[in-house]
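Visitor: Take a look at coords22.pdb, PDB, C-alpha atoms, pLDDT in the B column:
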```
ATOM      1  CA  MET A   1       1.404  -3.324 -12.924  1.00 41.00           C
ATOM      2  CA  ALA A   2       5.073  -2.949 -12.195  1.00 63.00           C
ATOM      3  CA  ASP A   3       7.101  -5.843 -10.794  1.00 89.00           C
ATOM      4  CA  LEU A   4       8.657  -4.582  -7.558  1.00 91.00           C
ATOM      5  CA  ALA A   5      10.944  -7.604  -7.082  1.00 93.00           C
ATOM      6  CA  LYS A   6      12.378  -7.242 -10.592  1.00 94.00           C
ATOM      7  CA  ASP A   7      12.922  -3.502 -10.145  1.00 94.00           C
ATOM      8  CA  ILE A   8      14.592  -3.969  -6.751  1.00 95.00           C
ATOM      9  CA  ARG A   9      17.059  -6.401  -8.330  1.00 95.00           C
ATOM     10  CA  LEU A  10      17.698  -4.058 -11.273  1.00 95.00           C
ATOM     11  CA  ALA A  11      18.283  -1.119  -8.919  1.00 95.00           C
ATOM     12  CA  VAL A  12      20.774  -3.142  -6.860  1.00 96.00           C
ATOM     13  CA  ASP A  13      22.585  -4.435  -9.957  1.00 96.00           C
ATOM     14  CA  SER A  14      22.627  -1.326 -12.155  1.00 96.00           C
ATOM     15  CA  GLY A  15      21.980   1.614  -9.840  1.00 96.00           C
ATOM     16  CA  GLU A  16      23.089   2.743  -6.410  1.00 97.00           C
ATOM     17  CA  THR A  17      21.418   1.500  -3.240  1.00 97.00           C
ATOM     18  CA  ALA A  18      21.958   1.539   0.505  1.00 97.00           C
ATOM     19  CA  ILE A  19      21.268  -1.760   2.263  1.00 97.00           C
ATOM     20  CA  GLY A  20      20.388  -2.154   5.936  1.00 95.00           C
ATOM     21  CA  LEU A  21      18.638   0.048   8.462  1.00 96.00           C
ATOM     22  CA  ASN A  22      21.653   2.158   9.418  1.00 96.00           C
ATOM     23  CA  SER A  23      22.599   2.807   5.797  1.00 97.00           C
ATOM     24  CA  VAL A  24      19.005   3.621   4.897  1.00 97.00           C
ATOM     25  CA  GLU A  25      18.709   6.094   7.782  1.00 97.00           C
ATOM     26  CA  HIS A  26      21.961   7.726   6.711  1.00 97.00           C
ATOM     27  CA  SER A  27      20.802   7.977   3.078  1.00 97.00           C
ATOM     28  CA  ILE A  28      17.564   9.636   4.229  1.00 97.00           C
ATOM     29  CA  LYS A  29      19.316  12.107   6.525  1.00 95.00           C
ATOM     30  CA  SER A  30      21.873  12.975   3.843  1.00 96.00           C
ATOM     31  CA  HIS A  31      19.059  13.571   1.296  1.00 95.00           C
ATOM     32  CA  LYS A  32      20.400  10.908  -1.091  1.00 97.00           C
ATOM     33  CA  ALA A  33      17.542   8.382  -0.900  1.00 97.00           C
ATOM     34  CA  LYS A  34      14.824   8.657  -3.533  1.00 97.00           C
ATOM     35  CA  VAL A  35      12.666   5.730  -2.434  1.00 97.00           C
ATOM     36  CA  ILE A  36      12.753   3.305   0.503  1.00 98.00           C
ATOM     37  CA  VAL A  37      11.800  -0.384   0.360  1.00 97.00           C
ATOM     38  CA  LEU A  38      10.918  -2.157   3.611  1.00 97.00           C
ATOM     39  CA  ALA A  39      10.500  -5.875   4.207  1.00 97.00           C
ATOM     40  CA  SER A  40       7.052  -6.874   5.435  1.00 96.00           C
ATOM     41  CA  ASN A  41       8.264  -8.456   8.680  1.00 97.00           C
ATOM     42  CA  ASN A  42      10.021  -5.465  10.264  1.00 96.00           C
ATOM     43  CA  LEU A  43       9.172  -4.624  13.836  1.00 95.00           C
ATOM     44  CA  LYS A  44       6.404  -2.044  14.146  1.00 96.00           C
ATOM     45  CA  GLU A  45       8.789   0.430  15.813  1.00 96.00           C
ATOM     46  CA  THR A  46      11.360   0.020  13.035  1.00 95.00           C
ATOM     47  CA  THR A  47       8.766   0.623  10.348  1.00 96.00           C
ATOM     48  CA  GLU A  48       7.398   3.653  12.199  1.00 96.00           C
ATOM     49  CA  ASP A  49      10.892   5.151  12.616  1.00 96.00           C
ATOM     50  CA  ILE A  50      11.738   4.787   8.917  1.00 96.00           C
ATOM     51  CA  MET A  51       8.289   6.044   7.862  1.00 97.00           C
ATOM     52  CA  HIS A  52       8.713   9.106  10.101  1.00 97.00           C
ATOM     53  CA  LEU A  53      12.153   9.966   8.712  1.00 96.00           C
ATOM     54  CA  ALA A  54      10.938   9.413   5.148  1.00 97.00           C
ATOM     55  CA  LYS A  55       7.862  11.591   5.683  1.00 96.00           C
ATOM     56  CA  ILE A  56       9.990  14.465   6.971  1.00 96.00           C
ATOM     57  CA  ALA A  57      12.299  14.116   3.953  1.00 96.00           C
ATOM     58  CA  ASN A  58       9.359  13.647   1.544  1.00 96.00           C
ATOM     59  CA  ILE A  59      10.587  10.229   0.386  1.00 96.00           C
ATOM     60  CA  ARG A  60       8.204   7.523  -0.759  1.00 95.00           C
ATOM     61  CA  VAL A  61       8.245   4.233   1.175  1.00 96.00           C
ATOM     62  CA  LEU A  62       7.305   0.918  -0.409  1.00 95.00           C
ATOM     63  CA  THR A  63       6.624  -2.213   1.636  1.00 94.00           C
ATOM     64  CA  MET A  64       7.265  -5.396  -0.271  1.00 93.00           C
ATOM     65  CA  LYS A  65       5.135  -8.475   0.339  1.00 92.00           C
ATOM     66  CA  GLY A  66       8.177 -10.608   1.113  1.00 93.00           C
ATOM     67  CA  ASN A  67      10.076 -10.865   4.376  1.00 96.00           C
ATOM     68  CA  SER A  68      13.621  -9.712   5.126  1.00 96.00           C
ATOM     69  CA  MET A  69      15.177 -12.984   3.913  1.00 97.00           C
ATOM     70  CA  GLU A  70      13.439 -12.548   0.554  1.00 96.00           C
ATOM     71  CA  LEU A  71      14.564  -8.915   0.334  1.00 96.00           C
ATOM     72  CA  GLY A  72      18.114 -10.035   1.123  1.00 96.00           C
ATOM     73  CA  SER A  73      17.911 -12.624  -1.636  1.00 95.00           C
ATOM     74  CA  LEU A  74      16.651 -10.000  -4.105  1.00 93.00           C
ATOM     75  CA  CYS A  75      19.629  -7.844  -3.158  1.00 94.00           C
ATOM     76  CA  GLY A  76      21.983 -10.769  -3.836  1.00 94.00           C
ATOM     77  CA  LYS A  77      22.947 -11.040  -0.166  1.00 95.00           C
ATOM     78  CA  PRO A  78      23.221 -14.274   1.844  1.00 95.00           C
ATOM     79  CA  PHE A  79      21.558 -12.596   4.852  1.00 96.00           C
ATOM     80  CA  SER A  80      18.306 -10.850   5.703  1.00 96.00           C
ATOM     81  CA  VAL A  81      17.825  -7.220   4.688  1.00 97.00           C
ATOM     82  CA  SER A  82      15.187  -5.207   6.530  1.00 97.00           C
ATOM     83  CA  ALA A  83      15.405  -2.068   4.436  1.00 97.00           C
ATOM     84  CA  LEU A  84      16.849  -0.744   1.206  1.00 97.00           C
ATOM     85  CA  SER A  85      17.060   2.785  -0.119  1.00 97.00           C
ATOM     86  CA  VAL A  86      17.387   3.561  -3.801  1.00 97.00           C
ATOM     87  CA  ILE A  87      19.808   6.391  -4.464  1.00 97.00           C
ATOM     88  CA  GLU A  88      20.100   5.915  -8.244  1.00 97.00           C
ATOM     89  CA  ALA A  89      17.586   3.670 -10.015  1.00 94.00           C
ATOM     90  CA  GLY A  90      19.893   2.468 -12.767  1.00 94.00           C
ATOM     91  CA  ASN A  91      17.872   0.411 -15.286  1.00 94.00           C
ATOM     92  CA  SER A  92      14.941  -0.148 -12.916  1.00 93.00           C
ATOM     93  CA  LYS A  93      11.657   1.705 -12.983  1.00 93.00           C
ATOM     94  CA  ILE A  94      11.355   1.762  -9.181  1.00 93.00           C
ATOM     95  CA  LEU A  95      11.194   5.556  -9.098  1.00 91.00           C
ATOM     96  CA  ASP A  96       8.092   5.573 -11.325  1.00 87.00           C
ATOM     97  CA  GLU A  97       4.796   6.441  -9.706  1.00 76.00           C
ATOM     98  CA  ASN A  98       3.401   2.956 -10.516  1.00 70.00           C
ATOM     99  CA  TYR A  99       4.342   1.673  -7.074  1.00 66.00           C
TER     100      TYR A  99
END
```
Kindly transcribe the structure held in the file into structure tokens.
Guide:
Amino acid sequence: MADLAKDIRLAVDSGETAIGLNSVEHSIKSHKAKVIVLASNNLKETTEDIMHLAKIANIRVLTMKGNSMELGSLCGKPFSVSALSVIEAGNSKILDENY
């Protein structure tokens, strides 16, 4: 089984990502996002909005078990992060179908 937390960190460090809801929405609408990662504690409406945009764009959405503070920490940020889009995976395997 793949380690999502490890691959998120690798994607942030070695690839290209968009962090935050506005950036994620923009990356979806501009057809740059390849996969979306959502924190588990997002509001239902927020999750539904991102899921809807991703479905239209045919982009896979992963929900991590951790909350937005944990996702922020994985991204190396001192603040909470509700969503992350992976544009280039870098050394991570987050684009694999194992998730």
Visitor: Got a sec to resolve the PyMOL selection byres ((chain A and resi 27) around 12) on this structure and send the residues as a ChimeraX atom specification?
Guide: /A:16-26,28-36,50,53-54,57,59,83-88
Visitor: Which protein, DNA or RNA residues are at most 10 Å from (24.9, -1.5, -12.8) in the file's coordinates when you count all atoms listed in the file, listed as number ranges by chain?
Guide: A: 10-16, 88-91
Visitor: Do you have the atom CA of Leu71 of chain A-atom CA of Thr46 of chain A distance handy?
Guide: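 According to the coordinates, atom CA of Leu71 of chain A and atom CA of Thr46 of chain A are separated by 15.9 Å.
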Visitor: List the residues selected by the PyMOL selection byres ((chain A and resi 65) around 6) in the file shown, writing them as a tab-separated table (two decimals) with C-alpha atoms, in the coordinates of the input.
Guide:
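Below you can see result-v3.tsv, which holds the result:
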```
chain	number	residue	atom	x	y	z
A	40	SER	CA	7.05	-6.87	5.44
A	64	MET	CA	7.26	-5.40	-0.27
A	66	GLY	CA	8.18	-10.61	1.11
```
Visitor: Have a look at A:Leu62, A:Met51, A:Leu74, A:Val81 and name the one nearest to Asn98 of chain A; count all atoms listed in the file.
Guide: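 Selected residue with least distance to Asn98 of chain A: A:Leu62.
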Visitor: Between atom CA of Ile94 of chain A and atom CA of Leu4 of chain A, what is the distance, to one decimal in Å?
Guide: 7.1 Å
Visitor: What does the distance between atom CA of Lys6 of chain A and atom CA of Val61 of chain A come to in Å, to one decimal place?
Guide: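 Calculated distance between atom CA of Lys6 of chain A and atom CA of Val61 of chain A is 16.9 Å.
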Visitor: Leaving out Ser80 of chain A and any residue of its chain fewer than 5 positions from it, which residues lie within 9 Å of it when counting all atoms listed in the file, given as an mmCIF file with C-alpha atoms, in the frame of the given file?
Guide:
```
data_model
loop_
_atom_site.group_PDB
_atom_site.id
_atom_site.type_symbol
_atom_site.label_atom_id
_atom_site.label_comp_id
_atom_site.auth_asym_id
_atom_site.auth_seq_id
_atom_site.Cartn_x
_atom_site.Cartn_y
_atom_site.Cartn_z
ATOM 1 C CA GLY A 20 20.388 -2.154 5.936
ATOM 2 C CA ASN A 67 10.076 -10.865 4.376
ATOM 3 C CA SER A 68 13.621 -9.712 5.126
ATOM 4 C CA MET A 69 15.177 -12.984 3.913
ATOM 5 C CA GLU A 70 13.439 -12.548 0.554
ATOM 6 C CA LEU A 71 14.564 -8.915 0.334
ATOM 7 C CA GLY A 72 18.114 -10.035 1.123
ATOM 8 C CA SER A 73 17.911 -12.624 -1.636
#
```
